[in-house]
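Peer 1: Below is input-v7.txt; it holds compact mmCIF, C-alpha atoms.
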```txt
# COMPACT_ATOMS: atom_id res chain seq x y z
CA MET A 247 -19.22 204.88 -58.80
CA SER A 248 -18.77 205.11 -55.01
CA ILE A 249 -19.88 202.41 -52.59
CA GLY A 250 -22.40 204.84 -51.14
CA ILE A 251 -24.17 205.20 -54.48
CA VAL A 252 -24.16 201.43 -55.02
CA LEU A 253 -25.65 200.83 -51.57
CA ALA A 254 -28.29 203.53 -52.13
CA LEU A 255 -29.33 201.83 -55.38
CA MET A 256 -29.41 198.49 -53.54
CA ALA A 257 -31.75 200.15 -51.03
CA ALA A 258 -34.01 201.22 -53.90
CA VAL A 259 -34.02 197.64 -55.22
CA GLY A 260 -34.90 196.28 -51.78
CA TYR A 261 -37.72 198.78 -51.23
CA GLY A 262 -39.06 198.37 -54.75
CA ALA A 263 -39.08 194.56 -54.57
CA ALA A 264 -40.72 194.73 -51.13
CA ASP A 265 -43.47 196.98 -52.49
CA PHE A 266 -44.03 194.62 -55.39
CA VAL A 267 -44.34 191.52 -53.20
CA GLY A 268 -46.37 193.30 -50.53
CA GLY A 269 -48.65 195.01 -53.00
CA LEU A 270 -49.32 191.81 -54.89
CA THR A 271 -50.12 189.96 -51.66
CA ALA A 272 -52.34 192.77 -50.36
CA ARG A 273 -54.66 192.22 -53.32
CA ARG A 274 -55.78 188.97 -51.66
CA VAL A 275 -55.77 189.81 -47.95
CA SER A 276 -55.77 192.85 -45.68
CA PRO A 277 -52.80 195.15 -46.35
CA TRP A 278 -52.49 195.62 -42.60
CA ALA A 279 -51.84 191.90 -42.17
CA VAL A 280 -49.25 191.99 -44.92
CA ALA A 281 -47.51 195.03 -43.41
CA LEU A 282 -47.48 193.51 -39.92
CA ALA A 283 -46.05 190.18 -41.12
CA GLY A 284 -43.31 192.04 -42.97
CA GLN A 285 -42.39 194.19 -39.98
CA LEU A 286 -42.28 191.23 -37.61
CA ALA A 287 -40.14 189.20 -40.01
CA GLY A 288 -37.78 192.11 -40.60
CA GLY A 289 -37.49 192.83 -36.90
CA LEU A 290 -36.71 189.20 -36.09
CA ALA A 291 -34.09 189.03 -38.85
CA MET A 292 -32.36 192.18 -37.58
CA LEU A 293 -32.53 190.92 -33.99
CA VAL A 294 -30.76 187.69 -34.99
CA ALA A 295 -28.23 189.47 -37.21
CA GLY A 296 -27.59 192.16 -34.61
CA SER A 297 -27.03 189.58 -31.89
CA ALA A 298 -24.59 187.66 -34.07
CA LEU A 299 -22.75 190.81 -35.14
CA PRO A 300 -22.99 193.07 -32.10
CA GLY A 301 -22.07 196.71 -32.40
CA GLN A 302 -21.72 199.52 -29.91
CA ALA A 303 -25.26 200.86 -29.90
CA ARG A 304 -26.06 203.59 -27.39
CA PRO A 305 -29.49 204.81 -26.22
CA GLU A 306 -29.46 207.75 -28.63
CA HIS A 307 -28.92 205.34 -31.54
CA PHE A 308 -32.03 203.40 -30.55
CA ALA A 309 -33.89 206.70 -30.19
CA TRP A 310 -33.06 207.60 -33.81
CA ALA A 311 -34.10 204.10 -34.93
CA VAL A 312 -37.41 204.45 -33.09
CA LEU A 313 -38.00 207.82 -34.76
CA ALA A 314 -37.23 206.20 -38.12
CA GLY A 315 -39.75 203.45 -37.34
CA ALA A 316 -42.38 206.05 -36.49
CA GLY A 317 -41.68 207.83 -39.80
CA SER A 318 -42.01 204.58 -41.73
CA ALA A 319 -45.26 203.76 -39.97
CA VAL A 320 -46.74 207.22 -40.59
CA GLY A 321 -45.75 207.02 -44.26
CA THR A 322 -47.33 203.59 -44.63
CA VAL A 323 -50.58 204.61 -42.90
CA PHE A 324 -51.15 207.68 -45.05
CA LEU A 325 -50.10 205.83 -48.19
CA TYR A 326 -52.61 203.08 -47.45
CA ARG A 327 -55.29 205.64 -46.64
CA GLY A 328 -54.75 207.43 -49.91
CA LEU A 329 -54.75 204.20 -51.91
CA ALA A 330 -57.90 203.00 -50.12
CA ARG A 331 -59.62 206.20 -51.21
CA GLY A 332 -58.79 205.41 -54.82
CA ARG A 333 -56.22 208.17 -55.20
CA MET A 334 -53.20 206.13 -56.27
CA GLY A 335 -52.56 208.44 -59.20
CA VAL A 336 -52.01 211.32 -56.79
CA VAL A 337 -50.71 209.71 -53.61
CA ALA A 338 -47.96 207.51 -55.06
CA PRO A 339 -46.06 210.16 -57.06
CA VAL A 340 -46.45 212.89 -54.43
CA SER A 341 -45.20 210.57 -51.70
CA GLY A 342 -42.25 209.45 -53.83
CA VAL A 343 -41.12 213.00 -54.54
CA GLY A 344 -41.70 214.00 -50.91
CA ALA A 345 -39.56 211.14 -49.65
CA ALA A 346 -36.75 212.35 -51.93
CA LEU A 347 -37.02 216.04 -51.03
CA VAL A 348 -36.91 215.73 -47.24
CA PRO A 349 -33.35 214.26 -47.12
CA VAL A 350 -32.21 216.91 -49.61
CA PHE A 351 -33.42 219.77 -47.44
CA VAL A 352 -32.06 218.23 -44.25
CA GLY A 353 -28.71 217.38 -45.85
CA VAL A 354 -28.25 220.92 -47.13
CA SER A 355 -29.27 222.39 -43.77
CA LEU A 356 -26.61 220.22 -42.12
CA GLY A 357 -23.94 221.69 -44.39
CA GLU A 358 -23.75 219.15 -47.24
CA ARG A 359 -22.59 220.70 -50.51
CA PRO A 360 -22.74 218.13 -53.33
CA ALA A 361 -20.98 218.83 -56.61
CA VAL A 362 -22.84 220.70 -59.35
CA LEU A 363 -23.24 217.57 -61.49
CA THR A 364 -24.65 215.75 -58.47
CA TRP A 365 -27.20 218.51 -57.97
CA VAL A 366 -28.24 218.20 -61.60
CA GLY A 367 -28.74 214.47 -61.12
CA VAL A 368 -30.78 215.02 -57.96
CA LEU A 369 -33.04 217.58 -59.66
CA VAL A 370 -33.47 215.35 -62.71
CA ALA A 371 -34.54 212.46 -60.47
CA LEU A 372 -37.59 214.25 -59.07
CA PRO A 373 -39.70 214.35 -62.28
CA GLY A 374 -38.48 210.82 -63.03
CA ILE A 375 -39.83 209.55 -59.71
CA TYR A 376 -43.11 211.34 -60.34
CA LEU A 377 -43.55 209.98 -63.85
CA VAL A 378 -42.61 206.38 -63.09
CA SER A 379 -45.05 206.13 -60.17
CA ARG A 380 -47.89 208.04 -61.84
CA GLU A 381 -51.00 205.96 -62.37
CA VAL A 382 -53.73 206.44 -64.96
CA ALA A 383 -56.36 208.84 -63.69
CA ASP A 384 -59.12 206.99 -61.86
CA GLY A 385 -61.83 209.62 -61.90
CA THR A 386 -61.21 210.97 -58.41
CA GLY A 387 -59.19 213.90 -59.66
CA ARG A 388 -56.33 215.73 -58.02
CA SER A 389 -58.22 216.41 -54.79
CA TRP A 390 -56.58 218.20 -51.90
CA GLY A 391 -57.23 215.08 -49.81
CA GLY A 392 -55.11 212.97 -52.14
CA ILE A 393 -52.34 215.57 -52.22
CA ALA A 394 -52.39 215.78 -48.40
CA ASP A 395 -52.19 211.99 -48.04
CA GLY A 396 -49.28 211.84 -50.46
CA ALA A 397 -47.46 214.73 -48.80
CA LEU A 398 -47.83 213.22 -45.33
CA ALA A 399 -46.70 209.82 -46.61
CA GLY A 400 -43.67 211.45 -48.23
CA LEU A 401 -42.82 213.30 -45.01
CA GLY A 402 -43.04 210.03 -43.10
CA PHE A 403 -40.74 208.16 -45.46
CA GLY A 404 -38.41 211.16 -45.62
CA LEU A 405 -38.21 211.12 -41.82
CA LEU A 406 -37.31 207.43 -42.04
CA PHE A 407 -34.35 208.26 -44.29
CA VAL A 408 -33.15 211.22 -42.23
CA ALA A 409 -33.40 209.44 -38.87
CA LEU A 410 -31.65 206.32 -40.16
CA ALA A 411 -28.75 208.43 -41.36
CA GLN A 412 -28.12 209.48 -37.75
CA VAL A 413 -27.41 205.89 -36.65
CA PRO A 414 -23.65 205.21 -37.07
CA GLU A 415 -22.31 202.00 -38.58
CA SER A 416 -20.63 201.25 -35.27
CA ALA A 417 -24.07 200.80 -33.67
CA GLY A 418 -24.54 197.52 -35.52
CA LEU A 419 -27.92 196.16 -36.62
CA LEU A 420 -29.82 195.98 -33.34
CA PRO A 421 -31.25 199.51 -33.78
CA LEU A 422 -32.89 198.28 -37.00
CA ALA A 423 -34.73 195.66 -34.95
CA ALA A 424 -36.14 198.50 -32.85
CA ASN A 425 -37.05 200.31 -36.06
CA GLN A 426 -39.13 197.38 -37.27
CA GLY A 427 -40.65 196.80 -33.84
CA VAL A 428 -41.99 200.36 -33.66
CA GLY A 429 -43.52 199.93 -37.11
CA ALA A 430 -45.26 196.73 -36.00
CA VAL A 431 -46.69 198.34 -32.85
CA PHE A 432 -47.90 201.35 -34.83
CA THR A 433 -49.51 199.12 -37.45
CA LEU A 434 -51.34 197.13 -34.77
CA ALA A 435 -52.54 200.31 -33.07
CA VAL A 436 -53.87 201.93 -36.24
CA ALA A 437 -55.41 198.70 -37.54
CA GLY A 438 -57.22 198.29 -34.22
CA LEU A 439 -58.35 201.91 -34.23
CA LEU A 440 -59.76 201.54 -37.74
CA SER A 441 -61.18 198.06 -37.05
CA GLN A 442 -59.08 196.57 -39.84
CA PRO A 443 -58.17 192.85 -39.90
CA TRP A 444 -54.51 192.30 -39.12
CA ALA A 445 -54.26 188.57 -38.25
CA PRO A 446 -54.45 185.62 -40.69
CA ARG A 447 -57.53 183.46 -40.09
CA ASP A 448 -57.29 180.65 -42.61
CA ARG A 449 -54.79 178.78 -44.77
CA ALA A 450 -54.86 181.44 -47.46
CA GLY A 451 -54.24 184.09 -44.82
CA PHE A 452 -51.21 182.28 -43.43
CA ARG A 453 -49.85 181.77 -46.93
CA ALA A 454 -50.26 185.47 -47.62
CA ALA A 455 -48.56 186.28 -44.32
CA GLY A 456 -45.61 184.21 -45.49
CA TRP A 457 -45.30 186.31 -48.62
CA GLY A 458 -45.72 189.41 -46.50
CA ALA A 459 -42.75 188.22 -44.45
CA VAL A 460 -40.72 187.86 -47.67
CA GLY A 461 -41.59 191.43 -48.58
CA GLY A 462 -40.62 192.55 -45.10
CA LEU A 463 -37.23 190.90 -45.36
CA LEU A 464 -36.62 192.61 -48.70
CA GLY A 465 -37.60 195.96 -47.24
CA THR A 466 -35.41 195.44 -44.19
CA ALA A 467 -32.48 194.59 -46.45
CA GLY A 468 -33.15 197.88 -48.25
CA THR A 469 -33.18 199.71 -44.91
CA ALA A 470 -29.85 198.16 -43.91
CA ALA A 471 -28.35 199.14 -47.28
CA PHE A 472 -29.60 202.69 -46.82
CA LEU A 473 -28.13 202.85 -43.32
CA PHE A 474 -24.66 201.99 -44.60
CA ALA A 475 -25.05 204.12 -47.73
CA SER A 476 -25.84 207.22 -45.65
CA HIS A 477 -22.38 207.02 -44.10
CA SER A 478 -20.59 206.71 -47.44
CA ALA A 479 -22.28 209.52 -49.40
CA ASP A 480 -24.24 212.73 -48.83
CA LEU A 481 -27.70 212.27 -47.32
CA ALA A 482 -29.21 214.38 -50.11
CA VAL A 483 -27.83 212.03 -52.75
CA VAL A 484 -28.55 208.79 -50.91
CA GLY A 485 -32.10 209.85 -50.11
CA VAL A 486 -32.93 210.65 -53.72
CA LEU A 487 -31.36 207.46 -55.09
CA ALA A 488 -33.18 205.29 -52.55
CA SER A 489 -36.42 207.05 -53.53
CA LEU A 490 -36.08 205.61 -57.04
CA TYR A 491 -37.71 202.43 -55.68
CA PRO A 492 -40.97 202.96 -57.68
CA ALA A 493 -38.95 202.27 -60.85
CA VAL A 494 -38.04 198.82 -59.51
CA THR A 495 -41.67 198.08 -58.64
CA VAL A 496 -42.83 199.13 -62.11
CA LEU A 497 -40.18 197.01 -63.83
CA LEU A 498 -41.15 193.95 -61.77
CA ALA A 499 -44.85 194.48 -62.48
CA THR A 500 -44.11 194.77 -66.19
CA THR A 501 -41.79 191.76 -66.46
CA VAL A 502 -43.44 189.38 -63.98
CA LEU A 503 -47.13 190.30 -64.21
CA ARG A 504 -47.04 191.59 -67.78
CA GLU A 505 -48.83 194.75 -66.68
CA PRO A 506 -49.20 197.47 -69.32
CA PHE A 507 -46.18 199.73 -69.63
CA ARG A 508 -47.24 203.32 -70.28
CA LEU A 509 -45.27 205.87 -72.21
CA SER A 510 -45.03 208.18 -69.21
CA GLN A 511 -43.49 205.38 -67.14
CA GLY A 512 -40.98 204.61 -69.85
CA LEU A 513 -40.00 208.28 -69.95
CA GLY A 514 -39.76 208.25 -66.15
CA LEU A 515 -37.41 205.27 -66.22
CA LEU A 516 -35.19 206.99 -68.76
CA VAL A 517 -35.07 210.11 -66.62
CA CYS A 518 -34.26 208.05 -63.51
CA GLY A 519 -31.47 206.29 -65.40
CA ALA A 520 -30.07 209.64 -66.52
CA SER A 521 -30.16 210.82 -62.92
CA VAL A 522 -28.16 207.82 -61.70
CA GLY A 523 -25.64 208.36 -64.49
CA LEU A 524 -25.14 212.02 -63.60
CA VAL A 525 -24.69 211.28 -59.90
CA ALA A 526 -22.26 208.45 -60.66
CA MET A 527 -20.14 210.72 -62.86
CA ALA A 528 -19.90 213.47 -60.26
```
Please, can you express the file's structure as structure tokens?
Peer 2:
Amino acid sequence: MSIGIVLALMAAVGYGAADFVGGLTARRVSPWAVALAGQLAGGLAMLVAGSALPGQARPEHFAWAVLAGAGSAVGTVFLYRGLARGRMGVVAPVSGVGAALVPVFVGVSLGERPAVLTWVGVLVALPGIYLVSREVADGTGRSWGGIADGALAGLGFGLLFVALAQVPESAGLLPLAANQGVGAVFTLAVAGLLSQPWAPRDRAGFRAAGWGAVGGLLGTAGTAAFLFASHSADLAVVGVLASLYPAVTVLLATTVLREPFRLSQGLGLLVCGASVGLVAMA
């Protein structure tokens, strides 16, 4: 198994753990406050790390990082909008598959030609991602609004993956600080536009912000792992493997919170595992 595949799976673990912590915290306070705390914490961590381990970042590297931050912010906004409308069963799986497909299309258009076995693994991963993130129907149905929210969220997260892959390792970690900063500014802007609370106002709020910061650090670690993975393996492969993060969230919810584990999710996990195995053997 190549280092690129290992790093891509580490990115999935980071993103999945971040979603678990952030999602659990957002049950108690505004999700906007949780997202903002995570972005600020991640940005500060990357600023410190990037200053201690300086690279050779050029303006175009920061431009790609800013574009990645915009993609992440757009994905988060539409994901939250879909979930707020009670369409989790549609938005989550559509966004997960969309986030996996965008790097595949871009990678192929840039001339990547993965091995046949790798392609099989990539194609197998898509239904696995869908199944593992699929929620029980909530009565809202598969409306076009839910599909649109999920598709836009997937495009946003896919843009995050593609733009990050354009930042070379030699640029160091400072561009990732810019990535998080853009996400924080976008979150503040949208929260203000929608009149959503984004600042903690009591002890419980500050405690939740602390957990939001933990989730942000996990997500930023996943982003850093993806950045390095994208330079050690094909973008199409790395993007799909990183998009397996819903499997990590589901496993944490099952083991830590003892949430019900549905048959479709179990099948999805098996399919995701088969996908990783196929890619690793290629």
Peer 1: Can you tell me which residues surround stretch 370-381 of chain A at a distance of at most 6 Å, considering all atoms listed in the file, apart from same-chain residues fewer than 2 positions away, and format the answer as a list of chain:residue names?
Peer 2: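 Listing them by chain and then by number gives A:Gly335, A:Pro339, A:Val343, A:Gly367, A:Val368, A:Pro492, A:Ala493, A:Ser510, A:Gln511, A:Gly514, A:Val517, A:Cys518, A:Ser521.
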Peer 1: Just the residues within 12 Å of A:Gly418, please, counting all atoms listed in the file, with nothing from its chain fewer than 3 positions along; format it as a VMD selection string.
Peer 2: chain A and resid 292 to 304 307 to 308 311 413 to 415 421 to 424 470 473 to 474
Peer 1: Pick the closest to A:Leu282 from A:Ser489, A:Ser441, A:Ser478, A:Thr433: which is it, counting all atoms listed in the file?
Peer 2: A:Thr433
Peer 1: One decimal, Å: what's the distance from atom CA of A:Ala482 over to atom CA of A:Pro349, could you say?
Peer 2: 5.1 Å
Peer 1: Which of these, A:Pro443, A:Ala488, A:Ala526, A:Leu419, has the shortest distance to A:Ala291 once you count all atoms listed in the file?
Peer 2: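 The closest residue to A:Ala291 is A:Leu419.
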Peer 1: Identify which of the residues A:Ala345, A:Leu369, A:Leu464, A:Ala394 lies closest to A:Val408, counting all atoms listed in the file when measuring atom-to-atom distances.
Peer 2: A:Ala345
Peer 1: Need the shell around A:Tyr491: protein/DNA/RNA residues with any atom at most 8 Å away, counting all atoms listed in the file. Skip same-chain ones fewer than 5 positions apart. Format as a ChimeraX atom specification?
Peer 2: /A:257-262
Peer 1: Which residue out of A:Val366, A:Leu434, A:Ala263, A:Ala450 has the minimum interatomic distance to A:Met527 when only C-alpha atoms are used?
Peer 2: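 Among the listed residues, the smallest separation from A:Met527 belongs to A:Val366.
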Peer 1: Restricting the calculation to all atoms listed in the file, which member of A:Val525, A:Val483, A:Leu463, A:Ala520 is positioned closest to A:Val354?
Peer 2: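 Smallest separation from A:Val354 among the options: A:Val483.
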